[in-house]
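Raw protein30.tsv, TSV, C-alpha atoms:
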```tsv
chain	number	residue	atom	x	y	z
A	10	MET	CA	20.35	24.71	-32.16
A	11	LYS	CA	17.93	23.54	-34.79
A	12	HIS	CA	14.85	21.77	-33.68
A	13	ASP	CA	13.62	18.61	-35.30
A	14	LYS	CA	9.97	19.05	-36.16
A	15	ASN	CA	9.38	15.36	-36.67
A	16	SER	CA	10.62	14.45	-33.23
A	17	ASP	CA	8.39	17.21	-31.85
A	18	PHE	CA	5.37	15.66	-33.50
A	19	LEU	CA	6.23	12.13	-32.42
A	20	SER	CA	6.92	13.01	-28.81
A	21	ALA	CA	3.74	15.10	-28.70
A	22	LEU	CA	1.76	12.19	-30.07
A	23	LYS	CA	3.26	9.84	-27.52
A	24	MET	CA	2.56	12.18	-24.64
A	25	SER	CA	-1.02	12.66	-25.84
A	26	LEU	CA	-1.92	8.98	-25.65
A	27	PRO	CA	-3.23	8.89	-22.06
A	28	MET	CA	-5.16	12.09	-22.76
A	29	ILE	CA	-6.74	10.59	-25.87
A	30	VAL	CA	-7.69	7.36	-24.05
A	31	GLY	CA	-9.34	9.41	-21.32
A	32	TYR	CA	-11.13	11.64	-23.83
A	33	PHE	CA	-12.32	8.61	-25.74
A	34	ILE	CA	-14.12	7.26	-22.70
A	35	LEU	CA	-15.38	10.53	-21.25
A	36	GLY	CA	-16.25	11.87	-24.70
A	37	PHE	CA	-18.33	8.86	-25.65
A	38	ALA	CA	-20.02	8.91	-22.25
A	39	TYR	CA	-20.88	12.59	-22.71
A	40	GLY	CA	-22.31	12.04	-26.18
A	41	PHE	CA	-24.35	9.18	-24.78
A	42	LEU	CA	-25.76	11.32	-21.96
A	43	MET	CA	-26.65	14.14	-24.36
A	44	GLN	CA	-28.50	11.67	-26.55
A	45	GLN	CA	-30.26	10.25	-23.50
A	46	ALA	CA	-31.37	13.79	-22.63
A	47	ASN	CA	-33.05	13.90	-26.07
A	48	LEU	CA	-30.83	16.69	-27.32
A	49	HIS	CA	-29.95	16.97	-30.99
A	50	ILE	CA	-26.39	16.01	-31.96
A	51	PHE	CA	-25.87	19.65	-32.98
A	52	TRP	CA	-25.83	20.65	-29.29
A	53	THR	CA	-23.18	18.08	-28.46
A	54	PHE	CA	-21.02	19.42	-31.26
A	55	LEU	CA	-21.66	23.03	-30.25
A	56	MET	CA	-20.86	22.44	-26.57
A	57	SER	CA	-17.67	20.51	-27.34
A	58	SER	CA	-16.33	22.96	-29.91
A	59	PHE	CA	-17.39	26.27	-28.32
A	60	VAL	CA	-17.32	25.56	-24.61
A	61	PHE	CA	-14.78	22.68	-24.63
A	62	ALA	CA	-14.73	21.98	-20.91
A	63	GLY	CA	-15.48	18.42	-19.85
A	64	ALA	CA	-16.59	18.89	-16.27
A	65	LEU	CA	-18.81	21.86	-17.16
A	66	GLN	CA	-20.33	20.05	-20.12
A	67	TYR	CA	-21.42	17.19	-17.88
A	68	ALA	CA	-22.79	19.54	-15.23
A	69	ALA	CA	-24.65	21.62	-17.83
A	70	ILE	CA	-26.80	18.86	-19.31
A	71	PRO	CA	-29.75	19.62	-16.99
A	72	LEU	CA	-29.43	23.30	-17.89
A	73	LEU	CA	-29.95	22.49	-21.56
A	74	THR	CA	-33.12	20.51	-20.90
A	75	GLY	CA	-34.84	22.06	-17.88
A	76	ILE	CA	-36.17	25.56	-17.38
A	77	PHE	CA	-34.30	28.58	-18.75
A	78	GLN	CA	-31.72	29.67	-16.15
A	79	PRO	CA	-29.15	31.90	-17.87
A	80	LEU	CA	-27.58	33.30	-14.70
A	81	VAL	CA	-27.11	29.84	-13.20
A	82	ALA	CA	-25.42	28.71	-16.43
A	83	PHE	CA	-23.04	31.66	-16.40
A	84	VAL	CA	-22.08	31.34	-12.74
A	85	LEU	CA	-21.71	27.57	-12.98
A	86	ALA	CA	-19.36	27.96	-15.95
A	87	LEU	CA	-17.26	30.50	-14.05
A	88	ALA	CA	-17.14	28.37	-10.90
A	89	ILE	CA	-16.14	25.16	-12.65
A	90	ASN	CA	-13.64	26.73	-15.02
A	91	VAL	CA	-12.05	29.33	-12.78
A	92	ARG	CA	-9.00	27.05	-12.51
A	93	HIS	CA	-8.17	28.07	-16.10
A	94	VAL	CA	-7.17	31.46	-14.68
A	95	PHE	CA	-4.31	29.80	-12.82
A	96	TYR	CA	-3.41	27.67	-15.82
A	97	GLY	CA	-3.16	30.79	-17.96
A	98	LEU	CA	-1.07	32.69	-15.42
A	99	SER	CA	1.20	29.67	-14.95
A	100	ILE	CA	1.80	28.88	-18.58
A	101	SER	CA	1.60	32.21	-20.39
A	102	ASP	CA	5.40	32.60	-20.40
A	103	ARG	CA	5.70	29.36	-22.29
A	104	TYR	CA	2.91	30.20	-24.71
A	105	SER	CA	4.92	33.03	-26.17
A	106	GLY	CA	4.68	32.44	-29.91
A	107	SER	CA	2.73	34.60	-32.36
A	108	THR	CA	-0.53	36.17	-31.25
A	109	PHE	CA	-2.47	33.62	-33.29
A	110	LYS	CA	-0.65	30.66	-31.74
A	111	LYS	CA	-1.15	32.09	-28.28
A	112	PHE	CA	-4.85	32.53	-29.02
A	113	VAL	CA	-5.19	28.92	-30.15
A	114	LEU	CA	-3.23	27.63	-27.14
A	115	LEU	CA	-5.36	29.56	-24.68
A	116	PHE	CA	-8.62	28.70	-26.43
A	117	THR	CA	-7.83	24.97	-26.37
A	118	MET	CA	-6.44	25.01	-22.83
A	119	ALA	CA	-7.72	22.12	-20.71
A	120	ASP	CA	-6.57	20.20	-17.63
A	121	GLU	CA	-4.88	17.55	-19.76
A	122	ALA	CA	-3.03	19.75	-22.26
A	123	PHE	CA	-2.02	22.08	-19.43
A	124	SER	CA	-0.57	19.26	-17.33
A	125	ILE	CA	1.44	17.89	-20.25
A	126	ASN	CA	2.71	21.26	-21.44
A	127	ILE	CA	3.58	22.70	-18.04
A	128	SER	CA	5.57	19.62	-17.04
A	129	SER	CA	7.49	19.49	-20.32
A	130	LYS	CA	11.13	19.89	-19.42
A	131	HIS	CA	12.07	21.64	-22.62
A	132	GLN	CA	11.67	25.25	-21.72
A	133	ASN	CA	12.95	26.68	-24.97
A	134	LYS	CA	10.71	28.76	-27.17
A	135	ASN	CA	10.91	26.33	-30.08
A	136	ARG	CA	8.48	24.14	-28.24
A	137	GLN	CA	5.49	26.17	-29.46
A	138	ASN	CA	4.72	23.49	-32.05
A	139	TYR	CA	4.89	20.74	-29.46
A	140	TYR	CA	2.45	22.65	-27.23
A	141	LEU	CA	0.18	23.31	-30.19
A	142	ILE	CA	0.07	19.68	-31.29
A	143	ILE	CA	-0.79	18.50	-27.76
A	144	SER	CA	-3.51	21.12	-27.36
A	145	LEU	CA	-5.06	20.61	-30.80
A	146	LEU	CA	-5.01	16.82	-30.48
A	147	GLY	CA	-6.93	17.22	-27.23
A	148	TYR	CA	-9.40	19.72	-28.66
A	149	LEU	CA	-10.13	17.86	-31.90
A	150	SER	CA	-10.31	14.41	-30.32
A	151	TRP	CA	-12.76	15.71	-27.71
A	152	ILE	CA	-15.06	17.10	-30.40
A	153	ALA	CA	-14.75	13.92	-32.46
A	154	PHE	CA	-15.35	11.51	-29.57
A	155	THR	CA	-18.30	13.38	-28.04
A	156	THR	CA	-20.05	13.79	-31.39
A	157	LEU	CA	-19.32	10.22	-32.40
A	158	GLY	CA	-20.50	9.01	-29.01
A	159	HIS	CA	-23.78	10.84	-29.49
A	160	TYR	CA	-24.16	9.46	-33.00
A	161	LEU	CA	-23.33	5.87	-32.08
A	162	SER	CA	-24.97	5.75	-28.66
A	163	SER	CA	-28.06	3.98	-29.92
A	164	THR	CA	-26.14	1.34	-31.88
A	165	ILE	CA	-23.26	0.25	-29.67
A	166	ASN	CA	-23.29	-0.79	-26.09
A	167	VAL	CA	-19.78	-1.61	-24.92
A	168	SER	CA	-18.60	-0.61	-21.51
A	169	ILE	CA	-15.31	-1.12	-19.79
A	170	LYS	CA	-15.48	0.24	-16.31
A	171	GLY	CA	-12.67	2.41	-15.01
A	172	LEU	CA	-10.97	3.64	-18.20
A	173	GLU	CA	-11.66	7.22	-17.13
A	174	PHE	CA	-8.93	6.70	-14.53
A	175	ALA	CA	-6.48	7.51	-17.38
A	176	LEU	CA	-6.92	11.23	-16.71
A	177	PRO	CA	-6.24	11.41	-12.95
A	178	ALA	CA	-3.38	8.96	-13.55
A	179	LEU	CA	-1.96	11.30	-16.17
A	180	PHE	CA	-2.23	14.32	-13.87
A	181	TYR	CA	-0.52	12.36	-11.13
A	182	VAL	CA	2.41	11.32	-13.32
A	183	MET	CA	2.83	14.91	-14.56
A	184	PHE	CA	2.86	15.92	-10.91
A	185	LEU	CA	5.57	13.35	-10.13
A	186	SER	CA	7.63	14.55	-13.06
A	187	MET	CA	7.53	18.15	-11.82
A	188	PHE	CA	8.20	16.94	-8.30
A	189	GLN	CA	11.73	15.96	-9.41
A	190	GLN	CA	12.74	19.62	-9.09
A	191	LYS	CA	13.70	19.62	-5.42
A	192	GLU	CA	13.70	23.39	-4.96
A	193	LYS	CA	10.10	23.60	-6.18
A	194	ARG	CA	8.66	20.82	-4.04
A	195	LEU	CA	7.51	23.22	-1.35
A	196	PHE	CA	5.16	24.94	-3.82
A	197	MET	CA	3.74	21.65	-5.05
A	198	ILE	CA	3.07	20.57	-1.47
A	199	ILE	CA	1.42	23.93	-0.85
A	200	GLY	CA	-0.82	23.34	-3.88
A	201	VAL	CA	-1.84	19.88	-2.69
A	202	THR	CA	-2.48	20.77	0.97
A	203	THR	CA	-4.39	23.98	0.31
A	204	THR	CA	-6.60	22.23	-2.25
A	205	LEU	CA	-7.22	19.33	0.15
A	206	ILE	CA	-8.18	21.74	2.93
A	207	SER	CA	-10.54	23.58	0.62
A	208	LEU	CA	-12.01	20.35	-0.77
A	209	TYR	CA	-12.89	18.99	2.65
A	210	LEU	CA	-14.21	22.32	3.91
A	211	ILE	CA	-16.32	23.25	0.89
A	212	GLN	CA	-16.94	19.95	-0.96
A	213	GLY	CA	-18.90	21.53	-3.86
A	214	TYR	CA	-17.63	23.02	-7.13
A	215	MET	CA	-16.63	26.15	-5.26
A	216	PHE	CA	-13.71	24.35	-3.62
A	217	VAL	CA	-11.47	25.31	-6.53
A	218	ILE	CA	-12.04	28.99	-5.83
A	219	GLY	CA	-11.22	28.44	-2.15
A	220	ALA	CA	-8.09	26.54	-3.11
A	221	MET	CA	-6.95	29.33	-5.42
A	222	PHE	CA	-7.32	31.91	-2.67
A	223	LEU	CA	-5.38	29.74	-0.22
A	224	ILE	CA	-2.63	29.14	-2.80
A	225	LEU	CA	-2.24	32.86	-3.43
A	226	ILE	CA	-2.04	33.58	0.29
A	227	ALA	CA	0.47	30.76	0.87
A	228	LEU	CA	2.62	31.84	-2.07
A	229	PHE	CA	2.64	35.43	-0.83
A	230	LEU	CA	3.74	34.30	2.63
A	231	THR	CA	6.52	32.00	1.40
A	232	ASN	CA	7.56	34.69	-1.05
A	233	LYS	CA	8.15	37.10	1.81
A	234	GLU	CA	10.34	34.58	3.61
A	235	THR	CA	12.49	33.76	0.60
A	236	THR	CA	13.06	37.41	-0.32
A	237	HIS	CA	14.14	38.23	3.26
A	238	GLU	CA	16.87	35.63	3.26
B	18	MET	CA	-37.00	25.18	-23.43
B	19	SER	CA	-36.80	26.67	-26.91
B	20	ASN	CA	-33.75	26.33	-29.12
B	21	VAL	CA	-33.11	30.06	-28.86
B	22	GLU	CA	-33.01	29.81	-25.06
B	23	ARG	CA	-30.75	26.80	-25.35
B	24	PHE	CA	-28.45	28.72	-27.64
B	25	ILE	CA	-28.28	31.59	-25.14
B	26	ILE	CA	-27.28	29.10	-22.41
B	27	VAL	CA	-24.44	27.72	-24.57
B	28	LEU	CA	-23.34	31.24	-25.47
B	29	LEU	CA	-23.23	32.37	-21.84
B	30	MET	CA	-21.22	29.33	-20.81
B	31	MET	CA	-18.86	29.99	-23.69
B	32	VAL	CA	-18.37	33.62	-22.66
B	33	ALA	CA	-17.70	32.64	-19.03
B	34	THR	CA	-15.23	29.96	-20.10
B	35	LEU	CA	-13.46	32.28	-22.54
B	36	PHE	CA	-13.11	34.80	-19.73
B	37	THR	CA	-11.31	32.23	-17.57
B	38	ARG	CA	-9.09	31.12	-20.47
B	39	PHE	CA	-8.04	34.59	-21.59
B	40	PHE	CA	-7.91	36.20	-18.15
B	41	VAL	CA	-4.11	36.24	-18.27
B	42	LEU	CA	-4.20	38.65	-21.23
B	43	LEU	CA	-6.22	41.15	-19.21
B	44	ILE	CA	-3.44	41.63	-16.70
B	45	ASN	CA	-1.34	44.71	-17.21
B	46	LYS	CA	2.03	43.46	-18.41
B	47	LYS	CA	3.88	46.72	-17.70
B	48	ASP	CA	3.16	46.59	-14.03
B	49	LYS	CA	5.29	43.60	-13.16
B	50	SER	CA	6.87	43.96	-9.75
B	51	LYS	CA	9.54	41.55	-8.48
B	52	ARG	CA	6.96	40.18	-6.09
B	53	TYR	CA	4.59	39.35	-8.91
B	54	GLU	CA	7.38	37.79	-10.97
B	55	SER	CA	8.41	35.34	-8.28
B	56	LEU	CA	4.80	34.56	-7.48
B	57	ILE	CA	4.24	33.66	-11.12
B	58	ARG	CA	7.43	31.58	-11.16
B	59	ASN	CA	6.13	29.37	-8.36
B	60	LEU	CA	2.47	29.33	-9.35
B	61	PRO	CA	2.80	26.50	-11.95
B	62	TYR	CA	3.98	24.12	-9.23
B	63	ALA	CA	1.19	24.97	-6.83
B	64	THR	CA	-1.33	24.77	-9.69
B	65	MET	CA	-0.12	21.28	-10.59
B	66	GLY	CA	-0.79	20.34	-6.96
B	67	LEU	CA	-4.30	21.76	-7.29
B	68	LEU	CA	-4.89	19.81	-10.51
B	69	VAL	CA	-3.80	16.48	-9.09
B	70	VAL	CA	-6.22	16.86	-6.16
B	71	TYR	CA	-8.94	18.08	-8.53
B	72	GLY	CA	-8.53	14.96	-10.64
B	73	LEU	CA	-8.89	12.71	-7.60
B	74	LYS	CA	-11.65	14.70	-5.88
B	75	ASP	CA	-14.30	12.01	-6.15
B	76	SER	CA	-12.10	9.41	-4.46
B	77	LEU	CA	-10.91	11.89	-1.88
B	78	LEU	CA	-14.52	12.63	-0.93
B	79	LEU	CA	-15.15	8.87	-1.04
B	80	GLN	CA	-17.73	9.40	-3.79
B	81	SER	CA	-16.08	7.24	-6.43
B	82	ILE	CA	-16.72	3.52	-6.71
B	83	LYS	CA	-13.33	2.29	-5.63
B	84	PRO	CA	-11.17	4.80	-3.75
B	85	LEU	CA	-8.99	1.96	-2.46
B	86	TYR	CA	-8.28	0.65	-5.97
B	87	GLU	CA	-7.26	4.14	-7.02
B	88	LEU	CA	-4.90	4.38	-4.07
B	89	VAL	CA	-3.27	1.05	-4.91
B	90	SER	CA	-2.88	2.08	-8.55
B	91	LEU	CA	-1.35	5.42	-7.56
B	92	ILE	CA	1.18	3.62	-5.39
B	93	LEU	CA	2.12	1.39	-8.32
B	94	ILE	CA	2.40	4.45	-10.57
B	95	THR	CA	4.75	6.06	-8.05
B	96	CYS	CA	6.99	2.97	-7.98
B	97	VAL	CA	7.06	2.60	-11.77
B	98	TYR	CA	7.73	6.29	-12.27
B	99	TYR	CA	10.61	6.38	-9.79
B	100	MET	CA	12.16	3.28	-11.37
B	101	SER	CA	11.70	4.18	-15.02
B	102	HIS	CA	11.01	7.95	-15.21
B	103	HIS	CA	8.83	7.01	-18.12
B	104	VAL	CA	5.50	8.86	-18.32
B	105	LEU	CA	3.61	6.60	-20.65
B	106	LEU	CA	4.78	3.41	-18.97
B	107	SER	CA	3.76	4.74	-15.55
B	108	VAL	CA	0.29	5.83	-16.68
B	109	SER	CA	-0.42	2.61	-18.53
B	110	THR	CA	0.72	0.23	-15.78
B	111	GLY	CA	-1.34	2.19	-13.25
B	112	LEU	CA	-4.36	2.20	-15.54
B	113	ALA	CA	-3.97	-1.50	-16.31
B	114	LEU	CA	-3.88	-2.41	-12.64
B	115	TYR	CA	-6.91	-0.21	-11.97
B	116	LEU	CA	-8.88	-1.84	-14.80
B	117	ILE	CA	-8.01	-5.30	-13.50
B	118	LEU	CA	-9.03	-4.38	-9.97
B	119	VAL	CA	-12.29	-2.70	-10.97
B	120	ASN	CA	-13.42	-5.24	-13.55
B	121	LEU	CA	-12.19	-8.53	-12.16
B	122	LEU	CA	-12.51	-8.21	-8.40
```
What is this file in structure tokens?
Amino acid sequence: MKHDKNSDFLSALKMSLPMIVGYFILGFAYGFLMQQANLHIFWTFLMSSFVFAGALQYAAIPLLTGIFQPLVAFVLALAINVRHVFYGLSISDRYSGSTFKKFVLLFTMADEAFSINISSKHQNKNRQNYYLIISLLGYLSWIAFTTLGHYLSSTINVSIKGLEFALPALFYVMFLSMFQQKEKRLFMIIGVTTTLISLYLIQGYMFVIGAMFLILIALFLTNKETTHE
Amino acid sequence: MSNVERFIIVLLMMVATLFTRFFVLLINKKDKSKRYESLIRNLPYATMGLLVVYGLKDSLLLQSIKPLYELVSLILITCVYYMSHHVLLSVSTGLALYLILVNLL
């Protein structure tokens, strides 16, 4: 069956909207904070294009202004972004285009693009372009919004509280959409409960690592049961 | 802090982040047991569960401004999604309600 490239682009654009709204707010806020920390706009651009990880970028602002702590920076980056490991393992079967496309998809992988791409119901391989458009829209809009936010932070002062809720809302809807597959619900519930347990036990950034361990253990255990049947 | 030191910090964070992003390519593809295969088949679902909690972590730890408003909005999102199965509609109604609650109440 031939795939319509236009419809791919349009549906990708539509699905990206909540992501772009969220990035707009969080990106501008990040640029603003970087400017407040008296950092040159070059650093905002560099962080957004090379590191491209919202939560880490926020957490790293003190590390770019205070005393030189290279090891702390490295460990913090690993701790905050370790969830990408699971994203990669989960989605690598879908990201099966050319090596270059796969490279771009993995490089631009983020919570938002991952949640949209993994919950896409079209499992066929022709969806590579759809995945790419979503991921690149996220990547480029993040760079644009953070840099623009930094640049404009001294001139504009508009604030609407609560727009950043677009991102958790998006994750939640993607979750609901995957939850429609009845036979997979168990694994989604496992993901939620283990992460909740870890969150309340650990509370800091490290809770993601704890959650990943618990998920692996739980999946191994349920795996055993299902293969015995 | 000098610009060179600052650059080293950015570089180290980039390397660490790249490692997490490309980790999947480091796994030996030839050694794929049945066990591993089925684990990987179910991992996306568990990971989505992790992500949804991660996104709401501030409210769950009661550190956000309005955990109750978020809860109400999530309930609305659930209703809209189950009635319409429309992603964009669900996100935007939930967000709209949240904005109204946060800004007007």
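Minimum atom-to-atom distance to chain B, evaluated using all atoms listed in the file, belongs to A:Phe77 out of A:Phe54, A:Phe222, A:Phe77, A:Trp151.
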Give as a PDB file with C-alpha atoms, keeping the file's coordinate frame every residue of chain B that touches chain A within 8 Å, counting only C-alpha atoms.
```pdb
ATOM      1  CA  MET B  18     -37.000  25.180 -23.430  1.00  0.00           C
ATOM      2  CA  GLU B  22     -33.010  29.810 -25.060  1.00  0.00           C
ATOM      3  CA  ARG B  23     -30.750  26.800 -25.350  1.00  0.00           C
ATOM      4  CA  ILE B  25     -28.280  31.590 -25.140  1.00  0.00           C
ATOM      5  CA  ILE B  26     -27.280  29.100 -22.410  1.00  0.00           C
ATOM      6  CA  VAL B  27     -24.440  27.720 -24.570  1.00  0.00           C
ATOM      7  CA  LEU B  29     -23.230  32.370 -21.840  1.00  0.00           C
ATOM      8  CA  MET B  30     -21.220  29.330 -20.810  1.00  0.00           C
ATOM      9  CA  MET B  31     -18.860  29.990 -23.690  1.00  0.00           C
ATOM     10  CA  ALA B  33     -17.700  32.640 -19.030  1.00  0.00           C
ATOM     11  CA  THR B  34     -15.230  29.960 -20.100  1.00  0.00           C
ATOM     12  CA  LEU B  35     -13.460  32.280 -22.540  1.00  0.00           C
ATOM     13  CA  THR B  37     -11.310  32.230 -17.570  1.00  0.00           C
ATOM     14  CA  ARG B  38      -9.090  31.120 -20.470  1.00  0.00           C
ATOM     15  CA  PHE B  39      -8.040  34.590 -21.590  1.00  0.00           C
ATOM     16  CA  PHE B  40      -7.910  36.200 -18.150  1.00  0.00           C
ATOM     17  CA  VAL B  41      -4.110  36.240 -18.270  1.00  0.00           C
ATOM     18  CA  ARG B  52       6.960  40.180  -6.090  1.00  0.00           C
ATOM     19  CA  SER B  55       8.410  35.340  -8.280  1.00  0.00           C
ATOM     20  CA  LEU B  56       4.800  34.560  -7.480  1.00  0.00           C
ATOM     21  CA  ILE B  57       4.240  33.660 -11.120  1.00  0.00           C
ATOM     22  CA  ARG B  58       7.430  31.580 -11.160  1.00  0.00           C
ATOM     23  CA  ASN B  59       6.130  29.370  -8.360  1.00  0.00           C
ATOM     24  CA  LEU B  60       2.470  29.330  -9.350  1.00  0.00           C
ATOM     25  CA  PRO B  61       2.800  26.500 -11.950  1.00  0.00           C
ATOM     26  CA  TYR B  62       3.980  24.120  -9.230  1.00  0.00           C
ATOM     27  CA  ALA B  63       1.190  24.970  -6.830  1.00  0.00           C
ATOM     28  CA  THR B  64      -1.330  24.770  -9.690  1.00  0.00           C
ATOM     29  CA  MET B  65      -0.120  21.280 -10.590  1.00  0.00           C
ATOM     30  CA  GLY B  66      -0.790  20.340  -6.960  1.00  0.00           C
ATOM     31  CA  LEU B  67      -4.300  21.760  -7.290  1.00  0.00           C
ATOM     32  CA  LEU B  68      -4.890  19.810 -10.510  1.00  0.00           C
ATOM     33  CA  VAL B  69      -3.800  16.480  -9.090  1.00  0.00           C
ATOM     34  CA  VAL B  70      -6.220  16.860  -6.160  1.00  0.00           C
ATOM     35  CA  TYR B  71      -8.940  18.080  -8.530  1.00  0.00           C
ATOM     36  CA  GLY B  72      -8.530  14.960 -10.640  1.00  0.00           C
ATOM     37  CA  LEU B  73      -8.890  12.710  -7.600  1.00  0.00           C
ATOM     38  CA  LYS B  74     -11.650  14.700  -5.880  1.00  0.00           C
ATOM     39  CA  LEU B  78     -14.520  12.630  -0.930  1.00  0.00           C
ATOM     40  CA  LEU B  91      -1.350   5.420  -7.560  1.00  0.00           C
ATOM     41  CA  ILE B  94       2.400   4.450 -10.570  1.00  0.00           C
ATOM     42  CA  THR B  95       4.750   6.060  -8.050  1.00  0.00           C
ATOM     43  CA  TYR B  98       7.730   6.290 -12.270  1.00  0.00           C
ATOM     44  CA  HIS B 102      11.010   7.950 -15.210  1.00  0.00           C
ATOM     45  CA  VAL B 104       5.500   8.860 -18.320  1.00  0.00           C
ATOM     46  CA  LEU B 105       3.610   6.600 -20.650  1.00  0.00           C
ATOM     47  CA  SER B 107       3.760   4.740 -15.550  1.00  0.00           C
ATOM     48  CA  VAL B 108       0.290   5.830 -16.680  1.00  0.00           C
ATOM     49  CA  SER B 109      -0.420   2.610 -18.530  1.00  0.00           C
ATOM     50  CA  GLY B 111      -1.340   2.190 -13.250  1.00  0.00           C
ATOM     51  CA  LEU B 112      -4.360   2.200 -15.540  1.00  0.00           C
ATOM     52  CA  TYR B 115      -6.910  -0.210 -11.970  1.00  0.00           C
ATOM     53  CA  LEU B 116      -8.880  -1.840 -14.800  1.00  0.00           C
ATOM     54  CA  VAL B 119     -12.290  -2.700 -10.970  1.00  0.00           C
ATOM     55  CA  ASN B 120     -13.420  -5.240 -13.550  1.00  0.00           C
TER      56      ASN B 120
END
```
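Between CA of Phe51 (chain A) and CA of Tyr32 (chain A) the interatomic distance comes to 19.1 Å.
Among the candidates B:Val32, B:Leu42, B:Met100, B:Leu88, the one nearest to Leu118 (chain B) when counting only C-alpha atoms is B:Leu88.
Considering only C-alpha atoms, the residue among A:Leu146, A:Leu48, A:Met43, A:Ala68 positioned nearest to Met28 (chain A) is A:Leu146.
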- [ ] Quick one: pull the distance between CA of Ile92 (chain B) and CA of Leu122 (chain B), Å, one decimal.
- [x] 18.3 Å
- [ ] Work out how far CA of Tyr104 (chain A) is from CA of Tyr53 (chain B), in Å to one decimal.
- [x] 18.3 Å
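When only C-alpha atoms are used to compute distances to Gly158 (chain A), the closest of the residues A:Phe109, A:Tyr67, A:Tyr140, A:Phe37 turns out to be A:Phe37.
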From the block you just saw, export region 135-146 of chain A: N, CA and C atoms, as a compact mmCIF listing (two decimals), in the first residue's frame.
```txt
# COMPACT_ATOMS: atom_id res chain seq x y z
N ASN A 135 6.65 2.41 7.04
CA ASN A 135 6.58 3.65 6.28
C ASN A 135 6.41 4.87 7.17
N ARG A 136 6.25 4.62 8.44
CA ARG A 136 6.01 5.74 9.35
C ARG A 136 7.29 6.49 9.72
N GLN A 137 8.42 6.07 9.18
CA GLN A 137 9.69 6.73 9.53
C GLN A 137 9.61 8.24 9.36
N ASN A 138 8.95 8.69 8.27
CA ASN A 138 8.87 10.13 8.03
C ASN A 138 8.03 10.83 9.09
N TYR A 139 6.94 10.16 9.46
CA TYR A 139 6.07 10.70 10.52
C TYR A 139 6.88 10.87 11.81
N TYR A 140 7.61 9.83 12.19
CA TYR A 140 8.43 9.90 13.40
C TYR A 140 9.45 11.02 13.30
N LEU A 141 10.07 11.13 12.12
CA LEU A 141 11.11 12.14 11.91
C LEU A 141 10.55 13.56 12.04
N ILE A 142 9.37 13.77 11.44
CA ILE A 142 8.78 15.11 11.49
C ILE A 142 8.48 15.50 12.93
N ILE A 143 7.86 14.57 13.69
CA ILE A 143 7.55 14.84 15.09
C ILE A 143 8.83 15.19 15.85
N SER A 144 9.85 14.36 15.68
CA SER A 144 11.08 14.54 16.45
C SER A 144 11.78 15.85 16.08
N LEU A 145 11.85 16.13 14.77
CA LEU A 145 12.55 17.35 14.34
C LEU A 145 11.78 18.61 14.73
N LEU A 146 10.45 18.54 14.64
CA LEU A 146 9.65 19.69 15.07
C LEU A 146 9.95 20.00 16.54
```
